>>> print(open('final.tsv').read())   # TSV, C-alpha atoms
chain	number	residue	atom	x	y	z
A	1	MET	CA	-44.19	-60.14	-33.40
A	2	GLY	CA	-43.88	-62.79	-30.75
A	3	SER	CA	-44.22	-62.50	-27.02
A	4	LEU	CA	-41.40	-61.91	-24.59
A	5	LEU	CA	-41.86	-64.31	-21.69
A	6	GLU	CA	-39.87	-64.74	-18.51
A	7	SER	CA	-39.49	-68.43	-19.32
A	8	ASP	CA	-37.79	-67.62	-22.63
A	9	VAL	CA	-35.13	-65.11	-21.53
A	10	ASP	CA	-31.67	-65.80	-20.20
A	11	PRO	CA	-31.22	-65.19	-16.46
A	12	ASP	CA	-28.13	-63.12	-17.33
A	13	PRO	CA	-29.14	-59.81	-19.00
A	14	LEU	CA	-25.81	-59.55	-20.86
A	15	GLU	CA	-26.47	-62.93	-22.48
A	16	GLN	CA	-30.01	-61.85	-23.35
A	17	PHE	CA	-28.60	-58.67	-24.89
A	18	ARG	CA	-26.14	-60.73	-26.93
A	19	ARG	CA	-29.01	-62.88	-28.24
A	20	TRP	CA	-30.98	-59.85	-29.38
A	21	PHE	CA	-27.91	-58.12	-30.80
A	22	ALA	CA	-27.14	-61.24	-32.84
A	23	ASP	CA	-30.74	-61.22	-34.09
A	24	ALA	CA	-30.35	-57.57	-35.15
A	25	GLU	CA	-27.13	-58.38	-37.01
A	26	ALA	CA	-28.76	-61.37	-38.72
A	27	ALA	CA	-31.70	-59.17	-39.81
A	28	ASP	CA	-29.29	-56.92	-41.74
A	29	ILE	CA	-30.35	-53.89	-39.73
A	30	ARG	CA	-28.18	-50.91	-40.66
A	31	ALA	CA	-25.79	-50.13	-37.80
A	32	PRO	CA	-27.29	-52.42	-35.13
A	33	HIS	CA	-24.54	-51.11	-32.81
A	34	ALA	CA	-25.92	-47.53	-32.98
A	35	LEU	CA	-27.44	-46.38	-29.71
A	36	ALA	CA	-28.87	-43.27	-28.12
A	37	LEU	CA	-26.76	-42.10	-25.18
A	38	ALA	CA	-28.57	-39.95	-22.62
A	39	THR	CA	-26.62	-37.89	-20.08
A	40	ALA	CA	-27.38	-35.03	-17.71
A	41	ASP	CA	-25.26	-32.17	-16.43
A	42	ALA	CA	-24.61	-31.35	-12.79
A	43	ASP	CA	-27.94	-29.46	-12.64
A	44	GLY	CA	-29.88	-32.38	-14.11
A	45	ALA	CA	-30.45	-30.86	-17.57
A	46	PRO	CA	-30.62	-33.80	-20.01
A	47	SER	CA	-29.18	-34.29	-23.48
A	48	ALA	CA	-29.00	-37.21	-25.89
A	49	ARG	CA	-27.13	-38.18	-29.04
A	50	MET	CA	-26.30	-41.25	-31.12
A	51	VAL	CA	-23.00	-43.08	-30.59
A	52	LEU	CA	-21.66	-46.49	-31.60
A	53	LEU	CA	-21.20	-49.44	-29.26
A	54	LYS	CA	-17.61	-50.68	-29.45
A	55	GLY	CA	-17.69	-53.42	-26.84
A	56	ALA	CA	-20.05	-55.22	-24.47
A	57	ASP	CA	-18.86	-57.70	-21.88
A	58	GLU	CA	-19.08	-58.45	-18.17
A	59	ALA	CA	-17.30	-55.17	-17.40
A	60	GLY	CA	-19.86	-53.03	-19.26
A	61	PHE	CA	-20.74	-51.26	-22.50
A	62	VAL	CA	-18.00	-49.22	-24.19
A	63	PHE	CA	-18.16	-46.22	-26.54
A	64	PHE	CA	-15.59	-43.61	-27.57
A	65	THR	CA	-15.74	-39.83	-27.87
A	66	GLY	CA	-13.85	-36.59	-27.41
A	67	TYR	CA	-13.07	-35.87	-23.78
A	68	ALA	CA	-13.72	-32.16	-24.40
A	69	SER	CA	-17.20	-32.82	-25.81
A	70	ARG	CA	-20.45	-31.85	-24.16
A	71	LYS	CA	-21.25	-35.48	-23.38
A	72	ALA	CA	-17.86	-35.97	-21.75
A	73	GLY	CA	-18.29	-32.85	-19.63
A	74	GLU	CA	-21.67	-34.09	-18.48
A	75	LEU	CA	-20.32	-37.57	-17.72
A	76	ASP	CA	-17.44	-36.09	-15.74
A	77	ALA	CA	-19.87	-33.94	-13.71
A	78	ASN	CA	-22.58	-36.60	-13.37
A	79	PRO	CA	-21.15	-40.08	-14.13
A	80	ARG	CA	-24.44	-41.82	-14.82
A	81	ALA	CA	-26.09	-42.46	-18.17
A	82	ALA	CA	-28.70	-44.42	-20.09
A	83	LEU	CA	-28.32	-46.29	-23.39
A	84	LEU	CA	-31.13	-47.09	-25.81
A	85	PHE	CA	-30.92	-49.56	-28.70
A	86	HIS	CA	-33.91	-49.45	-31.07
A	87	TRP	CA	-34.22	-52.18	-33.70
A	88	ASP	CA	-37.46	-51.18	-35.39
A	89	ALA	CA	-37.46	-54.01	-37.94
A	90	LEU	CA	-37.61	-56.48	-35.05
A	91	GLY	CA	-39.98	-54.42	-32.89
A	92	ARG	CA	-37.40	-54.38	-30.11
A	93	GLN	CA	-35.76	-51.92	-27.78
A	94	VAL	CA	-33.15	-52.40	-25.06
A	95	ARG	CA	-32.62	-49.77	-22.36
A	96	ILE	CA	-29.55	-49.96	-20.11
A	97	GLU	CA	-28.78	-47.65	-17.18
A	98	GLY	CA	-25.79	-47.39	-14.89
A	99	GLY	CA	-22.70	-45.60	-13.75
A	100	VAL	CA	-20.04	-44.52	-16.22
A	101	GLU	CA	-16.24	-44.54	-15.99
A	102	ARG	CA	-13.41	-43.83	-18.39
A	103	VAL	CA	-11.68	-46.85	-19.89
A	104	SER	CA	-7.93	-47.22	-19.42
A	105	LYS	CA	-5.47	-45.32	-21.62
A	106	GLU	CA	-4.28	-48.70	-22.87
A	107	ASP	CA	-7.79	-49.68	-23.99
A	108	SER	CA	-8.28	-46.31	-25.69
A	109	ASP	CA	-4.90	-46.65	-27.44
A	110	ALA	CA	-5.73	-50.17	-28.61
A	111	TYR	CA	-9.08	-49.17	-30.10
A	112	PHE	CA	-7.70	-45.96	-31.67
A	113	ALA	CA	-5.07	-48.03	-33.49
A	114	THR	CA	-7.84	-50.02	-35.23
A	115	ARG	CA	-9.62	-46.94	-36.64
A	116	PRO	CA	-9.20	-45.95	-40.29
A	117	ARG	CA	-6.49	-43.33	-40.76
A	118	GLY	CA	-9.04	-40.70	-41.80
A	119	ALA	CA	-10.99	-41.26	-38.59
A	120	GLN	CA	-7.78	-40.99	-36.57
A	121	LEU	CA	-6.94	-37.66	-38.20
A	122	ALA	CA	-10.48	-36.39	-37.68
A	123	ALA	CA	-10.36	-37.28	-33.97
A	124	ALA	CA	-6.99	-35.56	-33.59
A	125	ALA	CA	-8.20	-32.45	-35.42
A	126	SER	CA	-11.52	-32.04	-33.65
A	127	ARG	CA	-12.18	-30.33	-30.35
A	128	GLN	CA	-15.60	-31.95	-30.25
A	129	SER	CA	-18.49	-29.56	-29.46
A	130	ALA	CA	-16.27	-26.45	-29.68
A	131	VAL	CA	-17.48	-23.62	-31.94
A	132	LEU	CA	-15.79	-23.41	-35.36
A	133	SER	CA	-15.49	-20.29	-37.49
A	134	SER	CA	-16.14	-22.35	-40.64
A	135	ARG	CA	-15.87	-25.80	-42.23
A	136	GLU	CA	-12.57	-24.65	-43.71
A	137	GLU	CA	-11.07	-24.27	-40.23
A	138	LEU	CA	-11.56	-27.98	-39.52
A	139	ASP	CA	-10.44	-29.05	-43.00
A	140	ALA	CA	-7.25	-26.99	-42.64
A	141	ARG	CA	-6.47	-28.63	-39.31
A	142	VAL	CA	-6.93	-32.10	-40.82
A	143	ALA	CA	-4.64	-31.15	-43.71
A	144	GLU	CA	-1.97	-29.95	-41.27
A	145	LEU	CA	-2.11	-33.24	-39.40
A	146	GLN	CA	-1.96	-35.23	-42.65
A	147	GLU	CA	1.30	-33.48	-43.44
A	148	GLU	CA	2.66	-33.75	-39.88
A	149	TYR	CA	2.05	-37.50	-39.74
A	150	SER	CA	2.89	-38.34	-43.34
A	151	GLY	CA	4.51	-41.77	-43.30
A	152	LYS	CA	3.95	-42.09	-39.53
A	153	GLU	CA	1.32	-43.56	-37.25
A	154	VAL	CA	-1.22	-41.09	-35.90
A	155	PRO	CA	-1.03	-41.18	-32.08
A	156	ARG	CA	-4.20	-41.13	-30.04
A	157	PRO	CA	-4.79	-37.56	-28.90
A	158	ALA	CA	-5.10	-37.07	-25.14
A	159	HIS	CA	-8.50	-35.41	-25.70
A	160	TRP	CA	-10.06	-38.57	-27.13
A	161	GLY	CA	-10.89	-41.92	-25.52
A	162	GLY	CA	-13.44	-44.34	-24.19
A	163	TYR	CA	-16.13	-44.61	-21.56
A	164	ARG	CA	-17.70	-47.71	-20.07
A	165	LEU	CA	-21.25	-47.86	-18.73
A	166	VAL	CA	-21.56	-50.44	-15.93
A	167	PRO	CA	-25.20	-51.60	-15.95
A	168	THR	CA	-27.44	-51.53	-12.89
A	169	THR	CA	-30.65	-52.12	-14.88
A	170	TYR	CA	-31.60	-53.50	-18.28
A	171	GLU	CA	-35.03	-53.36	-19.90
A	172	PHE	CA	-36.03	-55.51	-22.87
A	173	TRP	CA	-39.07	-54.24	-24.80
A	174	GLN	CA	-40.92	-56.30	-27.41
A	175	HIS	CA	-43.57	-54.73	-29.66
A	176	ARG	CA	-47.06	-56.25	-29.86
A	177	GLU	CA	-49.63	-55.16	-32.44
A	178	ASP	CA	-52.31	-54.58	-29.81
A	179	ARG	CA	-49.97	-52.11	-28.01
A	180	SER	CA	-49.93	-54.44	-25.03
A	181	HIS	CA	-46.15	-54.56	-25.33
A	182	ASP	CA	-43.88	-56.84	-23.31
A	183	ARG	CA	-41.38	-55.17	-20.97
A	184	LEU	CA	-38.97	-57.17	-18.84
A	185	ARG	CA	-36.57	-55.39	-16.51
A	186	TYR	CA	-33.46	-56.89	-14.96
A	187	ARG	CA	-32.54	-55.16	-11.71
A	188	ARG	CA	-29.46	-55.69	-9.58
A	189	ASP	CA	-30.19	-57.08	-6.12
A	190	GLY	CA	-26.82	-57.52	-4.49
A	191	ARG	CA	-24.88	-59.84	-6.80
A	192	ALA	CA	-28.00	-61.33	-8.43
A	193	TRP	CA	-30.28	-60.11	-11.21
A	194	VAL	CA	-34.01	-59.95	-10.52
A	195	ILE	CA	-36.37	-60.10	-13.53
A	196	GLU	CA	-39.56	-58.02	-13.28
A	197	ARG	CA	-42.41	-57.53	-15.75
A	198	LEU	CA	-43.40	-53.92	-16.26
A	199	SER	CA	-46.75	-52.62	-17.44
A	200	PRO	CA	-46.52	-51.34	-21.04
>>> encode(input="final.tsv", output="structure tokens")
Amino acid sequence: MGSLLESDVDPDPLEQFRRWFADAEAADIRAPHALALATADADGAPSARMVLLKGADEAGFVFFTGYASRKAGELDANPRAALLFHWDALGRQVRIEGGVERVSKEDSDAYFATRPRGAQLAAAASRQSAVLSSREELDARVAELQEEYSGKEVPRPAHWGGYRLVPTTYEFWQHREDRSHDRLRYRRDGRAWVIERLSP
């Protein structure tokens, strides 16, 4: 693997992320948009899970979930999170930290409308993270909704929508065979981004 040098990276961390994301897509990595989302509850107890990135622009990084889920409860109580992309085939990781906010209802509606019908029905049927008596309970709820919305559009349920993480720091990590890895952090300083090299 090559080196990651300050002279080679974009001064804008979003543009640098886009470069690396494009590299991951070009490398045919399975689900390059998969990321680990770390949250913590009001007492600071952490949890993490995999979600899918659905948008990244100047406003932040967007993912969707059930608003009754554990992650949503933690984000509502403690609206800060960390994202981790790991592209092993390229020897790269990107860590992003920041505050989190819900996206608008309009943005959630627009994305929901693009989902496959089965995924729409699953989102409407699920009370994410709630205890189920059996698999059959969920399947029966999906079947009920299939009948209810036969020949109709499935509306976005109020208990499902998006969140946006607004970055305050990015870290780009590049593997080196000697374990002397490269780590460059972008940190907000007012309206500017400061690039710092971290010890591996």
>>> closest_residue(input="final.tsv", among="A:Ser47, A:Ala122, A:Phe61, A:Leu84", to="Glu101 (chain A)", atoms="only C-alpha atoms")
A:Phe61
>>> closest_atom_pairs(input="final.tsv", of="region 63-145 of chain A", to="region 23-30 of chain A", cutoff="9 Å", atoms="all atoms listed in the file", output="CSV")
residue,atom,partner,partner_atom,distance
A:Trp87,CA,A:Ala24,CA,6.8
A:Asp88,CA,A:Ile29,CA,8.8
A:Ala89,CA,A:Ile29,CA,7.3
A:Leu90,CA,A:Ala24,CA,7.3
>>> atom_distance(input="final.tsv", atom1="CA of Asp109 (chain A)", atom2="CA of Ala143 (chain A)")
22.5 Å
>>> closest_residue(input="final.tsv", among="A:Glu74, A:Val94, A:Tyr149, A:Pro155", to="Gln16 (chain A)", atoms="all atoms listed in the file")
A:Val94
>>> atom_distance(input="final.tsv", atom1="CA of Val103 (chain A)", atom2="CA of Val62 (chain A)")
8.0 Å
>>> residues_around(input="final.tsv", residues="Pro167 (chain A)", least_positions_apart="5", cutoff="10 Å", atoms="all atoms listed in the file", output="list in words")
Pro13, Leu14, Glu58, Ala59, Gly60, Phe61, Arg80, Ala81, Ala82, Leu83, Arg95, Ile96, Glu97, Gly98, Gly99, Val100, Tyr186, Arg187 and Arg188 of chain A
>>> residues_around(input="final.tsv", residues="region 196-198 of chain A", least_positions_apart="3", cutoff="10 Å", atoms="only C-alpha atoms", output="PyMOL selection string")
chain A and resi 4-6+171-173+181-187+193
>>> closest_residue(input="final.tsv", among="A:Ser199, A:Ser104, A:Gln120, A:Ser3", to="Val142 (chain A)", atoms="only C-alpha atoms")
A:Gln120
>>> residues_around(input="final.tsv", residues="Val154 (chain A)", least_positions_apart="3", cutoff="9 Å", atoms="all atoms listed in the file", output="ChimeraX atom specification")
/A:113,117,120-121,124,145-146,149-150,157
>>> atom_distance(input="final.tsv", atom1="CA of Ala36 (chain A)", atom2="CA of Arg49 (chain A)")
5.5 Å
>>> closest_residue(input="final.tsv", among="A:Ile195, A:Tyr111, A:Lys71, A:Gly66", to="Thr169 (chain A)", atoms="all atoms listed in the file")
A:Ile195
>>> closest_residue(input="final.tsv", among="A:Asp12, A:Asp139, A:Glu147, A:Asp107", to="Arg191 (chain A)", atoms="all atoms listed in the file")
A:Asp12
>>> closest_residue(input="final.tsv", among="A:Asp41, A:Glu153, A:Phe17, A:Asp8", to="Gly73 (chain A)", atoms="only C-alpha atoms")
A:Asp41
>>> axis_aligned_box(input="final.tsv", around="region 60-78 of chain A", padding_each_side="4 Å", output="AutoDock Vina command-line options")
--center_x -17.8 --center_y -42.4 --center_z -20.6 --size_x 17.5 --size_y 29.2 --size_z 22.5
>>> build_atoms(input="final.tsv", residues="region 63-74 of chain A", atoms="all heavy atoms", output="compact mmCIF listing (two decimals), in the coordinates of the input")
# COMPACT_ATOMS: atom_id res chain seq x y z
N PHE A 63 -18.08 -47.11 -25.39
CA PHE A 63 -18.16 -46.22 -26.54
C PHE A 63 -17.01 -45.22 -26.43
O PHE A 63 -16.41 -45.05 -25.35
CB PHE A 63 -19.51 -45.51 -26.62
CG PHE A 63 -19.84 -44.68 -25.40
CD1 PHE A 63 -19.50 -43.34 -25.33
CD2 PHE A 63 -20.47 -45.25 -24.31
CE1 PHE A 63 -19.79 -42.58 -24.21
CE2 PHE A 63 -20.77 -44.50 -23.17
CZ PHE A 63 -20.42 -43.16 -23.12
N PHE A 64 -16.71 -44.54 -27.53
CA PHE A 64 -15.59 -43.61 -27.57
C PHE A 64 -16.06 -42.24 -28.03
O PHE A 64 -17.02 -42.11 -28.79
CB PHE A 64 -14.49 -44.14 -28.51
CG PHE A 64 -13.79 -45.35 -27.96
CD1 PHE A 64 -14.33 -46.61 -28.14
CD2 PHE A 64 -12.61 -45.24 -27.25
CE1 PHE A 64 -13.71 -47.74 -27.62
CE2 PHE A 64 -11.98 -46.36 -26.72
CZ PHE A 64 -12.54 -47.61 -26.91
N THR A 65 -15.34 -41.20 -27.56
CA THR A 65 -15.74 -39.83 -27.87
C THR A 65 -14.59 -38.88 -27.55
O THR A 65 -13.55 -39.29 -27.03
CB THR A 65 -17.00 -39.44 -27.07
OG1 THR A 65 -17.48 -38.18 -27.55
CG2 THR A 65 -16.70 -39.36 -25.58
N GLY A 66 -14.80 -37.62 -27.82
CA GLY A 66 -13.85 -36.59 -27.41
C GLY A 66 -14.04 -36.24 -25.95
O GLY A 66 -15.18 -36.03 -25.50
N TYR A 67 -12.97 -36.18 -25.21
CA TYR A 67 -13.07 -35.87 -23.78
C TYR A 67 -13.38 -34.39 -23.51
O TYR A 67 -13.66 -34.03 -22.37
CB TYR A 67 -11.77 -36.26 -23.07
CG TYR A 67 -11.62 -37.76 -22.85
CD1 TYR A 67 -10.35 -38.34 -22.84
CD2 TYR A 67 -12.70 -38.59 -22.62
CE1 TYR A 67 -10.17 -39.71 -22.62
CE2 TYR A 67 -12.55 -39.95 -22.40
CZ TYR A 67 -11.28 -40.50 -22.41
OH TYR A 67 -11.12 -41.85 -22.19
N ALA A 68 -13.34 -33.56 -24.56
CA ALA A 68 -13.72 -32.16 -24.40
C ALA A 68 -15.14 -31.90 -24.88
O ALA A 68 -15.61 -30.76 -24.87
CB ALA A 68 -12.75 -31.26 -25.16
N SER A 69 -15.85 -32.97 -25.28
CA SER A 69 -17.20 -32.82 -25.81
C SER A 69 -18.21 -32.52 -24.70
O SER A 69 -17.93 -32.69 -23.51
CB SER A 69 -17.62 -34.10 -26.53
OG SER A 69 -17.73 -35.17 -25.61
N ARG A 70 -19.39 -32.11 -25.13
CA ARG A 70 -20.45 -31.85 -24.16
C ARG A 70 -20.78 -33.11 -23.38
O ARG A 70 -20.93 -33.08 -22.15
CB ARG A 70 -21.71 -31.34 -24.88
CG ARG A 70 -22.88 -31.14 -23.94
CD ARG A 70 -24.11 -30.61 -24.65
NE ARG A 70 -25.25 -30.55 -23.74
CZ ARG A 70 -26.46 -30.13 -24.09
NH1 ARG A 70 -26.69 -29.73 -25.31
NH2 ARG A 70 -27.44 -30.12 -23.19
N LYS A 71 -20.89 -34.25 -24.08
CA LYS A 71 -21.25 -35.48 -23.38
C LYS A 71 -20.20 -35.85 -22.34
O LYS A 71 -20.53 -36.31 -21.24
CB LYS A 71 -21.49 -36.62 -24.37
CG LYS A 71 -20.26 -37.19 -25.04
CD LYS A 71 -20.58 -38.35 -25.97
CE LYS A 71 -21.09 -37.94 -27.31
NZ LYS A 71 -20.10 -37.18 -28.11
N ALA A 72 -18.93 -35.65 -22.69
CA ALA A 72 -17.86 -35.97 -21.75
C ALA A 72 -17.91 -35.06 -20.53
O ALA A 72 -17.73 -35.51 -19.39
CB ALA A 72 -16.50 -35.86 -22.43
N GLY A 73 -18.17 -33.78 -20.76
CA GLY A 73 -18.29 -32.85 -19.63
C GLY A 73 -19.43 -33.24 -18.71
O GLY A 73 -19.31 -33.17 -17.48
N GLU A 74 -20.54 -33.67 -19.30
CA GLU A 74 -21.67 -34.09 -18.48
C GLU A 74 -21.36 -35.38 -17.73
O GLU A 74 -21.71 -35.52 -16.56
CB GLU A 74 -22.91 -34.25 -19.37
CG GLU A 74 -23.41 -32.92 -19.88
CD GLU A 74 -24.56 -33.01 -20.86
OE1 GLU A 74 -24.87 -34.13 -21.32
OE2 GLU A 74 -25.15 -31.96 -21.16
